[in-house]
Every structure is written in C-alpha cells, then in structure tokens.
$ cat entry.pdb   # PDB, C-alpha atoms, pLDDT in the B column
ATOM      1  CA  MET A 185     -20.222   0.345  -2.064  1.00 51.00           C
ATOM      2  CA  GLU A 186     -17.880  -0.010   0.888  1.00 60.00           C
ATOM      3  CA  ILE A 187     -14.197   0.602   0.383  1.00 62.00           C
ATOM      4  CA  SER A 188     -11.348  -0.054   2.776  1.00 66.00           C
ATOM      5  CA  GLN A 189      -7.674   0.645   2.380  1.00 68.00           C
ATOM      6  CA  ILE A 190      -5.582  -2.382   3.243  1.00 70.00           C
ATOM      7  CA  SER A 191      -2.130  -0.852   2.938  1.00 71.00           C
ATOM      8  CA  ASP A 192      -0.145   2.100   1.674  1.00 73.00           C
ATOM      9  CA  ARG A 193       3.354   0.988   0.719  1.00 76.00           C
ATOM     10  CA  ARG A 194       6.249   2.234  -1.327  1.00 79.00           C
ATOM     11  CA  LEU A 195       7.968  -0.509  -3.286  1.00 81.00           C
ATOM     12  CA  SER A 196      11.101  -0.688  -5.368  1.00 84.00           C
ATOM     13  CA  ARG A 197      10.643  -1.672  -8.980  1.00 82.00           C
ATOM     14  CA  SER A 198      11.690  -5.278  -8.399  1.00 87.00           C
ATOM     15  CA  ALA A 199       9.531  -5.550  -5.252  1.00 86.00           C
ATOM     16  CA  LEU A 200       6.514  -4.177  -7.138  1.00 82.00           C
ATOM     17  CA  PHE A 201       6.957  -6.651  -9.994  1.00 84.00           C
ATOM     18  CA  GLY A 202       7.370  -9.461  -7.458  1.00 87.00           C
ATOM     19  CA  HIS A 203       4.232  -8.386  -5.611  1.00 81.00           C
ATOM     20  CA  LEU A 204       2.162  -8.151  -8.787  1.00 80.00           C
ATOM     21  CA  SER A 205       3.425 -11.519  -9.980  1.00 83.00           C
ATOM     22  CA  ALA A 206       2.517 -13.150  -6.669  1.00 82.00           C
ATOM     23  CA  ARG A 207      -0.937 -11.538  -6.713  1.00 76.00           C
ATOM     24  CA  GLU A 208      -1.502 -12.807 -10.233  1.00 73.00           C
ATOM     25  CA  ASP A 209      -0.795 -16.335  -9.016  1.00 71.00           C
ATOM     26  CA  ASP A 210      -3.218 -15.891  -6.078  1.00 71.00           C
ATOM     27  CA  SER A 211      -6.187 -14.387  -7.868  1.00 69.00           C
ATOM     28  CA  TRP A 212      -7.465 -14.009 -11.395  1.00 74.00           C
ATOM     29  CA  THR A 213      -7.223 -10.413 -12.634  1.00 75.00           C
ATOM     30  CA  GLU A 214     -10.408  -9.495 -14.458  1.00 77.00           C
ATOM     31  CA  ARG A 215      -9.234  -6.167 -15.809  1.00 78.00           C
ATOM     32  CA  THR A 216      -6.167  -3.933 -15.717  1.00 81.00           C
ATOM     33  CA  VAL A 217      -6.621  -0.250 -16.494  1.00 82.00           C
ATOM     34  CA  TYR A 218      -4.259   2.724 -16.581  1.00 84.00           C
ATOM     35  CA  ILE A 219      -6.000   6.019 -15.921  1.00 83.00           C
ATOM     36  CA  THR A 220      -4.056   9.127 -16.883  1.00 83.00           C
ATOM     37  CA  SER A 221      -3.897  12.099 -14.538  1.00 84.00           C
ATOM     38  CA  GLU A 222      -5.823  14.109 -17.148  1.00 81.00           C
ATOM     39  CA  SER A 223      -8.668  11.589 -17.033  1.00 77.00           C
ATOM     40  CA  LEU A 224      -8.692  11.664 -13.232  1.00 76.00           C
ATOM     41  CA  GLN A 225      -8.884  15.445 -13.166  1.00 73.00           C
ATOM     42  CA  GLY A 226     -11.654  15.560 -15.773  1.00 66.00           C
ATOM     43  CA  LYS A 227     -13.437  12.560 -14.265  1.00 57.00           C
ATOM     44  CA  SER A 228     -13.665  11.136 -17.780  1.00 57.00           C
ATOM     45  CA  ALA A 229     -12.245   7.735 -16.874  1.00 54.00           C
ATOM     46  CA  THR A 230     -15.203   6.217 -15.091  1.00 53.00           C
ATOM     47  CA  PRO A 231     -17.564   5.710 -18.059  1.00 50.00           C
ATOM     48  CA  VAL A 232     -15.100   3.357 -19.766  1.00 52.00           C
ATOM     49  CA  LEU A 233     -14.653   1.249 -16.647  1.00 57.00           C
ATOM     50  CA  SER A 234     -17.048  -1.354 -15.383  1.00 53.00           C
ATOM     51  CA  GLY A 235     -18.838  -1.189 -12.099  1.00 61.00           C
ATOM     52  CA  PRO A 236     -19.242   1.096  -9.138  1.00 68.00           C
ATOM     53  CA  ALA A 237     -16.151  -0.336  -7.401  1.00 67.00           C
ATOM     54  CA  ILE A 238     -13.791   1.419  -9.809  1.00 68.00           C
ATOM     55  CA  GLU A 239     -15.696   4.688  -9.541  1.00 73.00           C
ATOM     56  CA  THR A 240     -15.534   4.487  -5.732  1.00 78.00           C
ATOM     57  CA  VAL A 241     -11.793   3.805  -5.801  1.00 76.00           C
ATOM     58  CA  ILE A 242     -11.144   6.804  -8.042  1.00 76.00           C
ATOM     59  CA  ARG A 243     -13.259   9.037  -5.834  1.00 78.00           C
ATOM     60  CA  ASN A 244     -11.393   7.910  -2.698  1.00 81.00           C
ATOM     61  CA  VAL A 245      -7.852   7.880  -4.088  1.00 80.00           C
ATOM     62  CA  GLY A 246      -8.179  11.283  -5.725  1.00 77.00           C
ATOM     63  CA  ILE A 247      -5.873  13.064  -8.140  1.00 79.00           C
ATOM     64  CA  SER A 248      -2.464  11.691  -9.068  1.00 85.00           C
ATOM     65  CA  ASP A 249       0.130  13.502 -11.169  1.00 88.00           C
ATOM     66  CA  THR A 250       1.224  10.182 -12.674  1.00 89.00           C
ATOM     67  CA  GLY A 251      -2.140   8.496 -13.063  1.00 87.00           C
ATOM     68  CA  LEU A 252      -3.274   5.231 -11.500  1.00 86.00           C
ATOM     69  CA  VAL A 253      -3.044   1.590 -12.492  1.00 86.00           C
ATOM     70  CA  LEU A 254      -6.025  -0.437 -11.295  1.00 84.00           C
ATOM     71  CA  PHE A 255      -6.059  -4.211 -11.100  1.00 83.00           C
ATOM     72  CA  ARG A 256      -9.632  -5.403 -10.739  1.00 80.00           C
ATOM     73  CA  ARG A 257      -9.889  -8.873  -9.280  1.00 78.00           C
ATOM     74  CA  GLU A 258     -12.806 -11.032  -8.210  1.00 76.00           C
ATOM     75  CA  GLU A 259     -13.094  -9.607  -4.686  1.00 75.00           C
ATOM     76  CA  GLU A 260     -10.898  -6.507  -4.719  1.00 78.00           C
ATOM     77  CA  VAL A 261      -9.360  -3.671  -6.646  1.00 80.00           C
ATOM     78  CA  GLU A 262      -5.652  -2.993  -6.204  1.00 83.00           C
ATOM     79  CA  VAL A 263      -4.422   0.501  -7.023  1.00 86.00           C
ATOM     80  CA  VAL A 264      -0.830   1.318  -7.957  1.00 87.00           C
ATOM     81  CA  GLU A 265       0.320   4.905  -8.355  1.00 87.00           C
ATOM     82  CA  PRO A 266       3.339   4.744 -10.676  1.00 85.00           C
ATOM     83  CA  PRO A 267       6.363   6.970  -9.963  1.00 82.00           C
ATOM     84  CA  VAL A 268       6.179   8.358 -13.511  1.00 81.00           C
ATOM     85  CA  PRO A 269       3.351   8.432 -16.073  1.00 79.00           C
ATOM     86  CA  VAL A 270       2.975   5.192 -18.019  1.00 79.00           C
ATOM     87  CA  PRO A 271       3.865   5.791 -21.694  1.00 72.00           C
TER      88      PRO A 271
END
$ encode --input "entry.pdb" --output "structure tokens"
Amino acid sequence: MEISQISDRRLSRSALFGHLSAREDDSWTERTVYITSESLQGKSATPVLSGPAIETVIRNVGISDTGLVLFRREEEVEVVEPPVPVP
C-alpha cells in the first residue's frame, strides 16, 4: 500500500468545517472514524477498521494526544488531528 501526504495545514474551526463540507460535495465518504489516542498507543484501533489503507495511515501518522479523525473516501483517506479530544 502506497501512501503519500498531500498537505499539512492548520485550519480555524470555520475553515475546517468549510473544507470538510466542500470535500463531502466532491466525493462520497465511505466511512468516518474517530480513533482515540489510547487506541493509537495500544494499536487496538486497526481491527475495527476496514482495509490496509487505514492501517497504513495510522502507522505513518503516529501517536496523537487528541486522537485522529479519518474520512475514508473512494480513492483517499483524509486525516484530521483535532485540537482537543472528541467527546
């Protein structure tokens, strides 16, 4: 599985919501998953997710104190690291 990072940006809340809304209009989102930092550290998140793409993303992104939100689309996976843990 090949993985490439397209961008690394910091967005304000409104810019992030705008970006996600625009992406939703562009491409169908197959699955959205929030992975807690505890799951990332224990590597317990991957069995509940589908496909090697998600596993590869987690391996390449690494540990996050706030977890990761993954948007799996037809041809890509978009990763958002929230500023605070998602409740």
$ residues_around --input "entry.pdb" --residues "region 246-255 of chain A" --least-positions-apart "3" --cutoff "7 Å" --atoms "only C-alpha atoms" --output "ChimeraX atom specification"
/A:213,215-221,224-225,242-243,261-269
$ atom_distance --input "entry.pdb" --atom1 "CA of Thr240 (chain A)" --atom2 "CA of Ser198 (chain A)"
29.0 Å
$ atom_distance --input "entry.pdb" --atom1 "CA of Val270 (chain A)" --atom2 "CA of Ile190 (chain A)"
24.1 Å
$ atom_distance --input "entry.pdb" --atom1 "CA of Trp212 (chain A)" --atom2 "CA of Ser191 (chain A)"
20.2 Å
$ axis_aligned_box --input "entry.pdb" --around "region 259-270 of chain A" --padding-each-side "8 Å" --output "lines of an AutoDock Vina configuration file"
center_x = -3.4
center_y = -0.6
center_z = -11.4
size_x = 35.5
size_y = 34.0
size_z = 29.3
